[in-house]
Every structure is written in C-alpha cells, then in structure tokens.
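Novice: My file is input_8.txt. It has compact mmCIF, C-alpha atoms:
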# COMPACT_ATOMS: atom_id res chain seq x y z
CA MET A 357 -51.20 50.71 37.03
CA PRO A 358 -49.86 52.75 39.97
CA GLU A 359 -47.42 55.47 38.98
CA LEU A 360 -43.81 54.85 39.94
CA GLY A 361 -41.80 57.51 41.73
CA SER A 362 -38.80 58.00 43.92
CA GLN A 363 -40.77 56.87 46.98
CA ILE A 364 -41.77 53.54 45.36
CA SER A 365 -39.28 50.77 44.65
CA ILE A 366 -38.92 49.83 40.99
CA PRO A 367 -40.49 46.39 40.30
CA SER A 368 -38.07 43.66 39.28
CA TRP A 369 -39.66 43.34 35.84
CA TRP A 370 -39.09 47.03 35.00
CA LYS A 371 -35.61 46.46 33.58
CA ARG A 372 -35.84 42.70 33.10
CA PRO A 373 -34.50 41.54 29.70
CA PHE A 374 -36.99 40.19 27.21
CA THR A 375 -36.75 36.72 25.68
CA ARG A 376 -37.06 38.19 22.16
CA SER A 377 -33.87 39.84 20.95
CA ILE A 378 -35.69 42.37 18.77
CA LEU A 379 -37.15 43.96 21.90
CA ASN A 380 -33.84 44.12 23.75
CA ASP A 381 -32.09 45.53 20.68
CA ALA A 382 -34.68 48.30 20.41
CA ILE A 383 -34.20 49.64 23.95
CA CYS A 384 -30.66 48.62 24.93
CA ARG A 385 -28.49 50.21 22.25
CA VAL A 386 -25.49 52.28 23.29
CA PRO A 387 -24.93 55.11 20.78
CA ASN A 388 -21.38 55.13 19.41
CA VAL A 389 -21.61 58.77 18.32
CA PRO A 390 -22.35 62.03 20.14
CA LEU A 391 -26.03 62.91 20.30
CA PHE A 392 -27.17 66.47 19.67
CA HIS A 393 -29.98 68.33 21.38
CA TYR A 394 -31.36 71.28 19.41
CA THR A 395 -32.52 74.17 21.52
CA THR A 396 -33.01 77.92 21.78
CA GLN A 397 -30.95 80.54 23.60
CA THR A 398 -33.11 80.04 26.68
CA GLY A 399 -32.63 76.28 26.46
CA LEU A 400 -28.86 76.60 26.08
CA LEU A 401 -28.58 78.79 29.17
CA GLY A 402 -30.81 76.48 31.19
CA ILE A 403 -28.84 73.36 30.26
CA ILE A 404 -25.42 74.90 30.90
CA LYS A 405 -26.39 76.57 34.17
CA GLY A 406 -28.73 73.94 35.56
CA LYS A 407 -26.99 70.80 34.20
CA GLU A 408 -30.38 69.36 33.29
CA ILE A 409 -32.61 68.94 30.26
CA TRP A 410 -36.38 69.25 30.21
CA ALA A 411 -38.12 66.04 29.12
CA THR A 412 -41.70 66.74 28.03
CA HIS A 413 -44.70 64.59 28.98
CA THR A 414 -45.56 62.30 26.05
CA GLN A 415 -49.11 63.64 25.87
CA TYR A 416 -47.88 67.24 25.47
CA LEU A 417 -45.37 66.86 22.65
CA ASN A 418 -45.55 69.28 19.72
CA ASP A 419 -47.06 66.57 17.53
CA ARG A 420 -49.35 64.33 19.56
CA ARG A 421 -50.22 62.39 16.41
CA GLU A 422 -46.96 60.44 16.71
CA PHE A 423 -48.17 58.86 19.96
CA ARG A 424 -51.50 58.00 18.38
CA HIS A 425 -49.59 56.51 15.46
CA ALA A 426 -47.71 54.20 17.81
CA LEU A 427 -50.90 53.03 19.51
CA SER A 428 -52.51 52.38 16.12
CA VAL A 429 -49.60 50.07 15.21
CA PHE A 430 -50.14 48.04 18.38
CA ARG A 431 -53.89 47.92 17.86
CA ASP A 432 -53.45 46.67 14.29
CA GLU A 433 -51.07 43.95 15.45
CA LEU A 434 -53.50 42.99 18.21
CA VAL A 435 -56.19 42.48 15.55
CA THR A 436 -53.77 40.33 13.57
CA LEU A 437 -52.91 38.33 16.70
CA ARG A 438 -56.59 37.65 17.34
CA THR A 439 -56.87 36.30 13.81
CA ASN A 440 -53.74 34.14 13.80
CA ASP A 441 -53.08 33.16 17.42
CA ALA A 442 -56.28 32.69 19.41
CA ASP A 443 -54.51 31.34 22.53
CA ARG A 444 -52.28 34.39 22.95
CA ALA A 445 -55.09 36.75 21.94
CA LYS A 446 -57.19 35.61 24.92
CA CYS A 447 -54.61 37.27 27.18
CA PHE A 448 -55.62 40.72 25.92
CA HIS A 449 -59.37 40.53 26.25
CA GLY A 450 -60.61 44.12 26.60
CA ALA A 451 -57.12 45.64 26.66
CA SER A 452 -57.23 47.46 23.31
CA LEU A 453 -59.98 49.87 24.38
CA ASN A 454 -58.06 51.06 27.42
CA LEU A 455 -54.57 51.64 26.04
CA ALA A 456 -54.92 55.36 25.28
CA ASP A 457 -56.61 56.13 28.59
CA ASP A 458 -54.05 54.19 30.63
CA LEU A 459 -51.11 55.87 28.92
CA SER A 460 -52.51 59.41 29.01
CA LEU A 461 -52.94 59.21 32.79
CA THR A 462 -49.34 58.18 33.42
CA ASN A 463 -46.42 60.60 33.60
CA VAL A 464 -43.83 59.40 31.10
CA CYS A 465 -41.56 62.09 29.64
CA VAL A 466 -39.17 62.21 26.69
CA ALA A 467 -36.23 64.38 25.61
CA SER A 468 -35.06 64.37 22.00
CA PHE A 469 -31.59 64.15 20.46
CA SER A 470 -30.27 63.64 16.95
CA GLU A 471 -27.25 62.00 15.36
CA GLU A 472 -27.10 65.02 13.03
CA PRO A 473 -25.14 67.99 14.43
CA ASP A 474 -26.12 70.51 11.75
CA SER A 475 -29.57 69.75 10.37
CA LEU A 476 -31.63 72.15 8.25
CA PRO A 477 -35.05 70.86 9.48
CA GLN A 478 -33.91 71.28 13.08
CA TRP A 479 -32.67 74.82 12.46
CA ARG A 480 -36.01 75.65 10.90
CA ALA A 481 -37.64 74.56 14.14
CA TYR A 482 -35.17 76.38 16.43
CA GLY A 483 -33.73 79.02 14.12
CA GLY A 484 -35.51 82.07 15.44
CA GLY A 485 -32.41 84.27 15.44
CA ALA A 486 -29.98 81.84 17.10
CA GLY A 487 -30.47 78.17 17.82
CA PHE A 488 -27.90 75.69 19.09
CA SER A 489 -27.21 71.99 18.90
CA LEU A 490 -25.45 70.61 21.96
CA GLY A 491 -23.41 67.46 21.42
CA MET A 492 -23.12 65.06 24.34
CA PRO A 493 -21.23 61.74 24.39
CA GLY A 494 -23.65 58.91 23.75
CA GLU A 495 -22.16 56.63 26.40
CA HIS A 496 -22.44 59.40 28.98
CA LEU A 497 -26.14 59.87 28.27
CA ARG A 498 -26.65 56.13 28.44
CA ALA A 499 -25.03 55.96 31.88
CA LEU A 500 -27.19 58.80 33.17
CA VAL A 501 -30.35 57.20 31.83
CA ASP A 502 -29.49 53.88 33.47
CA THR A 503 -29.00 55.67 36.78
CA GLU A 504 -32.50 57.15 36.45
CA ASN A 505 -34.02 53.75 35.52
CA GLY A 506 -35.04 55.14 32.15
CA PHE A 507 -34.20 54.25 28.56
CA LEU A 508 -32.18 55.80 25.75
CA VAL A 509 -33.60 54.59 22.44
CA ARG A 510 -33.22 55.22 18.72
CA CYS A 511 -36.51 56.02 17.02
CA VAL A 512 -37.87 53.47 14.56
CA TYR A 513 -39.24 54.91 11.31
CA ASP A 514 -39.69 51.82 9.16
CA ALA A 515 -43.32 50.68 9.23
CA ALA A 516 -42.49 46.99 8.80
CA LYS A 517 -39.97 47.16 11.67
CA GLN A 518 -42.54 48.86 13.87
CA ARG A 519 -45.06 46.08 13.22
CA GLU A 520 -42.40 43.47 13.93
CA ILE A 521 -41.57 45.06 17.30
CA ALA A 522 -45.25 45.46 18.21
CA ARG A 523 -45.97 41.83 17.35
CA ALA A 524 -42.97 40.63 19.37
CA LEU A 525 -44.06 42.65 22.41
CA LEU A 526 -47.62 41.29 22.28
CA GLU A 527 -46.30 37.74 22.05
CA GLU A 528 -43.84 38.38 24.91
CA VAL A 529 -46.53 39.74 27.22
CA ALA A 530 -48.95 36.96 26.31
CA ASP A 531 -46.30 34.35 27.12
CA GLN A 532 -45.65 36.04 30.48
CA ILE A 533 -49.36 35.93 31.30
CA ILE A 534 -49.68 32.28 30.27
CA ALA A 535 -46.62 31.40 32.39
CA GLY A 536 -47.95 33.40 35.37
CA GLU A 537 -44.98 35.83 35.27
CA THR A 538 -46.87 39.12 35.38
CA SER A 539 -46.41 41.88 37.94
CA LYS A 540 -48.47 42.25 41.07
CA PHE A 541 -49.98 45.38 39.47
CA GLN A 542 -52.24 43.54 37.04
CA PRO A 543 -54.03 45.80 34.54
CA SER A 544 -56.00 44.34 31.65
CA GLY A 545 -53.49 42.63 29.40
CA GLY A 546 -50.84 41.98 32.05
CA ASN A 547 -47.78 44.22 31.74
CA LEU A 548 -48.70 45.40 28.23
CA THR A 549 -49.51 48.96 29.26
CA ALA A 550 -46.38 49.18 31.42
CA TYR A 551 -44.19 48.01 28.54
CA LEU A 552 -45.87 50.39 26.10
CA PHE A 553 -44.48 53.27 28.16
CA ARG A 554 -41.05 52.52 26.73
CA PHE A 555 -41.95 51.20 23.26
CA ALA A 556 -44.64 53.59 22.01
CA PRO A 557 -42.28 56.63 22.02
CA LEU A 558 -39.92 54.73 19.68
CA PHE A 559 -42.32 54.79 16.75
CA LYS A 560 -42.35 57.78 14.39
CA HIS A 561 -43.71 58.25 10.89
CA ASP A 562 -41.13 57.59 8.19
CA SER A 563 -41.43 61.19 6.92
CA PHE A 564 -39.34 62.19 9.97
CA SER A 565 -36.55 59.69 9.29
CA GLY A 566 -34.07 62.43 8.37
CA GLU A 567 -34.04 63.56 12.00
CA ARG A 568 -32.20 60.36 13.03
CA GLU A 569 -33.66 60.86 16.47
CA TRP A 570 -32.78 59.28 19.78
CA ARG A 571 -34.93 59.76 22.86
CA ILE A 572 -34.55 59.63 26.59
CA ILE A 573 -37.67 57.94 27.98
CA THR A 574 -38.25 58.27 31.70
CA ARG A 575 -39.84 55.68 33.92
CA PRO A 576 -43.43 56.51 34.98
CA LEU A 577 -43.24 59.37 37.47
CA MET A 578 -45.34 60.55 40.38
CA CYS A 579 -46.62 64.13 40.21
CA GLY A 580 -44.90 64.74 43.55
CA HIS A 581 -41.46 63.71 42.28
CA HIS A 582 -39.02 66.50 43.13
CA ARG A 583 -37.96 66.83 39.47
CA PHE A 584 -41.46 66.64 37.98
CA ASP A 585 -42.56 70.19 37.15
CA PHE A 586 -44.84 72.37 35.01
CA ARG A 587 -44.22 75.21 32.58
CA GLN A 588 -46.26 77.56 30.46
CA GLY A 589 -47.26 76.07 27.10
CA LEU A 590 -48.85 77.44 23.93
CA SER A 591 -52.38 76.31 24.83
CA ALA A 592 -52.07 74.50 28.16
CA ILE A 593 -49.73 74.10 31.11
CA THR A 594 -47.14 71.51 30.12
CA PRO A 595 -45.82 68.85 32.55
CA TYR A 596 -42.15 67.95 32.22
CA PHE A 597 -39.29 66.21 34.02
CA ARG A 598 -36.03 67.99 34.82
CA PHE A 599 -33.71 65.19 33.73
CA PRO A 600 -30.27 65.54 35.40
CA LEU A 601 -27.27 65.67 33.07
CA GLU A 602 -24.81 64.99 35.86
CA GLN A 603 -24.62 62.64 38.82
CA GLU A 604 -22.22 62.36 41.75
CA GLN A 605 -19.86 60.09 39.82
CA GLN A 606 -20.78 61.40 36.37
CA PRO A 607 -20.04 65.12 35.87
CA PHE A 608 -21.77 67.01 33.08
CA ARG A 609 -20.09 66.40 29.73
CA LEU A 610 -20.40 68.42 26.56
CA SER A 611 -18.30 67.63 23.50
CA LYS A 612 -19.50 70.11 20.87
CA VAL A 613 -21.77 73.11 20.39
CA VAL A 614 -22.95 74.13 16.93
CA VAL A 615 -24.26 77.68 16.72
CA GLY A 616 -27.20 77.75 14.33
CA PRO A 617 -27.61 80.12 11.39
CA THR A 618 -27.44 83.69 12.66
CA PRO A 619 -26.44 87.07 11.16
CA HIS A 620 -23.84 87.46 13.92
CA SER A 621 -22.11 84.08 13.91
CA GLU A 622 -18.70 85.30 15.18
CA LEU A 623 -20.29 87.11 18.13
CA ALA A 624 -22.51 84.12 18.86
CA VAL A 625 -19.57 81.68 18.89
CA ALA A 626 -17.52 84.00 21.12
CA ALA A 627 -20.42 84.31 23.58
CA VAL A 628 -20.83 80.53 23.81
CA ASN A 629 -17.10 80.10 24.44
CA SER A 630 -17.29 82.66 27.24
CA LEU A 631 -20.33 80.91 28.72
CA LEU A 632 -18.50 77.59 28.76
CA VAL A 633 -15.43 79.10 30.41
CA ALA A 634 -17.62 80.75 33.05
CA HIS A 635 -19.07 77.34 33.94
CA ASN A 636 -15.73 75.52 33.88
CA LEU A 637 -16.59 73.43 30.80
CA LYS A 638 -13.36 72.65 28.97
CA ASP A 639 -12.41 70.97 25.69
CA VAL A 640 -15.75 71.77 24.05
CA PHE A 641 -15.52 72.48 20.32
CA VAL A 642 -17.73 75.43 19.31
CA CYS A 643 -18.44 76.19 15.66
CA SER A 644 -20.96 77.85 13.37
CA SER A 645 -23.52 76.02 11.27
CA ARG A 646 -22.65 75.48 7.64
CA VAL A 647 -26.30 75.34 6.58
CA PRO A 648 -27.27 78.27 4.31
CA PHE A 649 -30.51 79.12 6.10
CA ARG A 650 -31.80 82.59 6.96
CA SER A 651 -34.54 83.24 9.53
CA TRP A 652 -33.92 86.96 9.90
Rewrite the structure from the file as structure tokens, please.

Specialist:
Amino acid sequence: MPELGSQISIPSWWKRPFTRSILNDAICRVPNVPLFHYTTQTGLLGIIKGKEIWATHTQYLNDRREFRHALSVFRDELVTLRTNDADRAKCFHGASLNLADDLSLTNVCVASFSEEPDSLPQWRAYGGGAGFSLGMPGEHLRALVDTENGFLVRCVYDAAKQREIARALLEEVADQIIAGETSKFQPSGGNLTAYLFRFAPLFKHDSFSGEREWRIITRPLMCGHHRFDFRQGLSAITPYFRFPLEQEQQPFRLSKVVVGPTPHSELAVAAVNSLLVAHNLKDVFVCSSRVPFRSW
C-alpha cells in the first residue's frame, strides 16, 4: 500500500466508521481524565520548549515483541475464520504471510501515555535521577490527534477482548471486499493491512495492564514528511514523528507535572515551576512523587 503523507490526500475510508461497534469503540474513545507522559529531563525540556512529543516508529519500540504479539492474534483468528467461515476466508487468500512485511515497511509511529500520574513501574523506567510525568487534558490530545488524522486509543490487555476485536476486523474487511467497497490501493486482503496500522498497536500482553496505557497512533507517513525524523538509538538509528502538541486554534495545554523520585525533590519542583513560567505556561500543578523509590 502506498505510504500516506502530507502531499497525498487521505482516502475517504481512512476515518470511515465501521459497521461493528466494537471496532469504533476501540479507536474512538475520548479520555475523561488527564493522560500522563513519562519522560526524562531531556524529554521534559524538549516537550516544553518545542511543544511536540516524539512518537516512535512501531518497529523500533523498546519491546518489539508486543507488535509480534498483535500480529499473532490476527493470524490465529484468521486460522479460525478459515475453519468456521469459508466464504469470508476466501477474501484473505495469501494475506497472512505478508502482514509482517507490509507493516514493517510502513511508517506508523506511536507515543505513549498513562492514566496513572505516579506509577512505580514507570519511574523505574525513567527514574535515572529525575523523571517526570506530564499530565495533559485527554480531550485536548484527542482534538490534536483528530487534526493530524491519527488515533488516540486505550491499549487492550485482555486476551479474549483482543481476539474479539481481531475477529470483528477480519469480518468487517471481508464484508467490504465481498461488497466491492475496498480502496483503490488493493493489497492482498483488501484494506486489512491498512486497518492493522491502527489496531495492532492497541494489543499488549496482560502483564503490562498496570500501565493503563493510551497511545497516539499516527497515520502512515512518508519519509519526506517535514515532521518525520531520525535520532540515535541504542543499536540502530530510530525513525520517529515529531507530533505537534499545539495547533493554530489549540494552544499547548499542560495540567500537571509530577516530579519523579529524586534526592532533591524541592529543588526539582522549583526548577520545573521556573521552566513553566519562562514559557508562559500557567495554572499547572507541580508536585513530587509519593512513590518510595530510590534510583540513586
């Protein structure tokens, strides 16, 4: 499928509602609580100064197994479909072997948030002296994501729910193919690969359920997109998308900053307050973590 970028118009099916409510519910929720992004000192400074967050390419996440896990769920449901629904299964002849290759060659990026403002597992990941969780209004993030033609989704950890969503998506795509309602870009299996861009990043192993994670999922991006960039990684150069946290009619909004466990909590809180004042960010509540964790 051709990659979509700022120079290419978004196909009409990209944001088209599904006929199955379980699919719409999975990708159209509006969070009714602030969402918190955990980051380092460098990340905090970059977000405040640049009014953007770095969304990492799905194939370069810290744990690539989660993406493989999602694909395995869809493959298993495809096997089940072939056993129980031969007519729909014919629509996906040969598709299962190409899913991983198709997805790995497409630039879809994600940025992670949590409903938890002060989480021990997150501080362990970002607690190297001073981490931060930045709380942003959920409705504000949703509006920004809609402007970028992306999605803001809550991760699904329950294995039975994951299978239910995967089965519904396969049936939806098969029905579109049978009805002749597929896109003009026709890969094997109709729009299945295109739809997997937004659904595969939802699925995480249930051992991570305590993170209560939400994710921004971008639309597929061209390498030449002005916000698509590259940074140094641990073992390879990492592609990412500089997702804007403000638009012309939607100024950057920050509701809370939690300073992670640090031996100098009062100094750290004072420095964050000064940083916010310097960048004209008002009415932001700044506090110290209450988690008894030491990384120093």

Novice: Quick one: residues within 9 Å of region 504-517 of chain A, only C-alpha atoms counted, chain neighbours fewer than 5 positions away excluded, as a PyMOL selection string?

Specialist: chain A and resi 366+370-371+382-387+429+497-499+522+554+557-565+568-576+599-600

Novice: What does the distance between CA of Phe488 (chain A) and CA of His582 (chain A) come to in Å, to one decimal place?

Specialist: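 Those two atoms sit 28.0 Å apart.
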
Novice: Which residues are close to region 593-598 of chain A, i.e. within 8 Å by only C-alpha atoms, leaving aside same-chain residues fewer than 5 positions away? Reply as a list in words.

Specialist: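 Result of the neighbour search: Glu408, Ile409, Trp410, Ala411, Thr412, His413, Tyr416, Cys465, Arg583, Phe584, Asp585, Phe586, Arg587 and Gln588 of chain A.
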
Novice: How far is it from CA of Val613 (chain A) to CA of Pro390 (chain A), in Å with one decimal?

Specialist: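 One can read the CA of Val613 (chain A) to CA of Pro390 (chain A) distance as 11.1 Å.
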
Novice: What is the CA of Thr462 (chain A)-CA of Arg376 (chain A) distance in Å, reported with one decimal?

Specialist: 26.0 Å

Novice: Could you check which of A:Pro648, A:Gly580, A:Gly536, A:Gly616 is closest to Pro473 (chain A), using only C-alpha atoms?

Specialist: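 Between A:Pro648, A:Gly580, A:Gly536, A:Gly616, the residue approaching Pro473 (chain A) most closely is A:Gly616.
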
Novice: With a distance cut-off of 9 Å and all atoms listed in the file, select the neighbouring residues of Ser611 (chain A), excluding the residue or stretch itself and same-chain residues fewer than 2 positions from it, and output the selection as a ChimeraX atom specification.

Specialist: /A:390,490-493,609,613,638-642

Novice: Would you list the contacts of Gln603 (chain A) as a PyMOL selection string, taking every protein, DNA or RNA residue within 9 Å and counting only C-alpha atoms, but skipping same-chain residues closer than 5 positions in sequence?

Specialist: chain A and resi 500+503+608

Novice: I'd like to know which of A:Thr396, A:Gln415, A:Gln606, A:Asn547 is closest to Val501 (chain A), using all atoms listed in the file.

Specialist: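 Smallest distance to Val501 (chain A) is found for A:Gln606.
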
Novice: For Val529 (chain A), which residue out of A:Val435, A:Ala445, A:Val628, A:Leu391 is the nearest one, using only C-alpha atoms?

Specialist: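 Closest candidate: A:Ala445.
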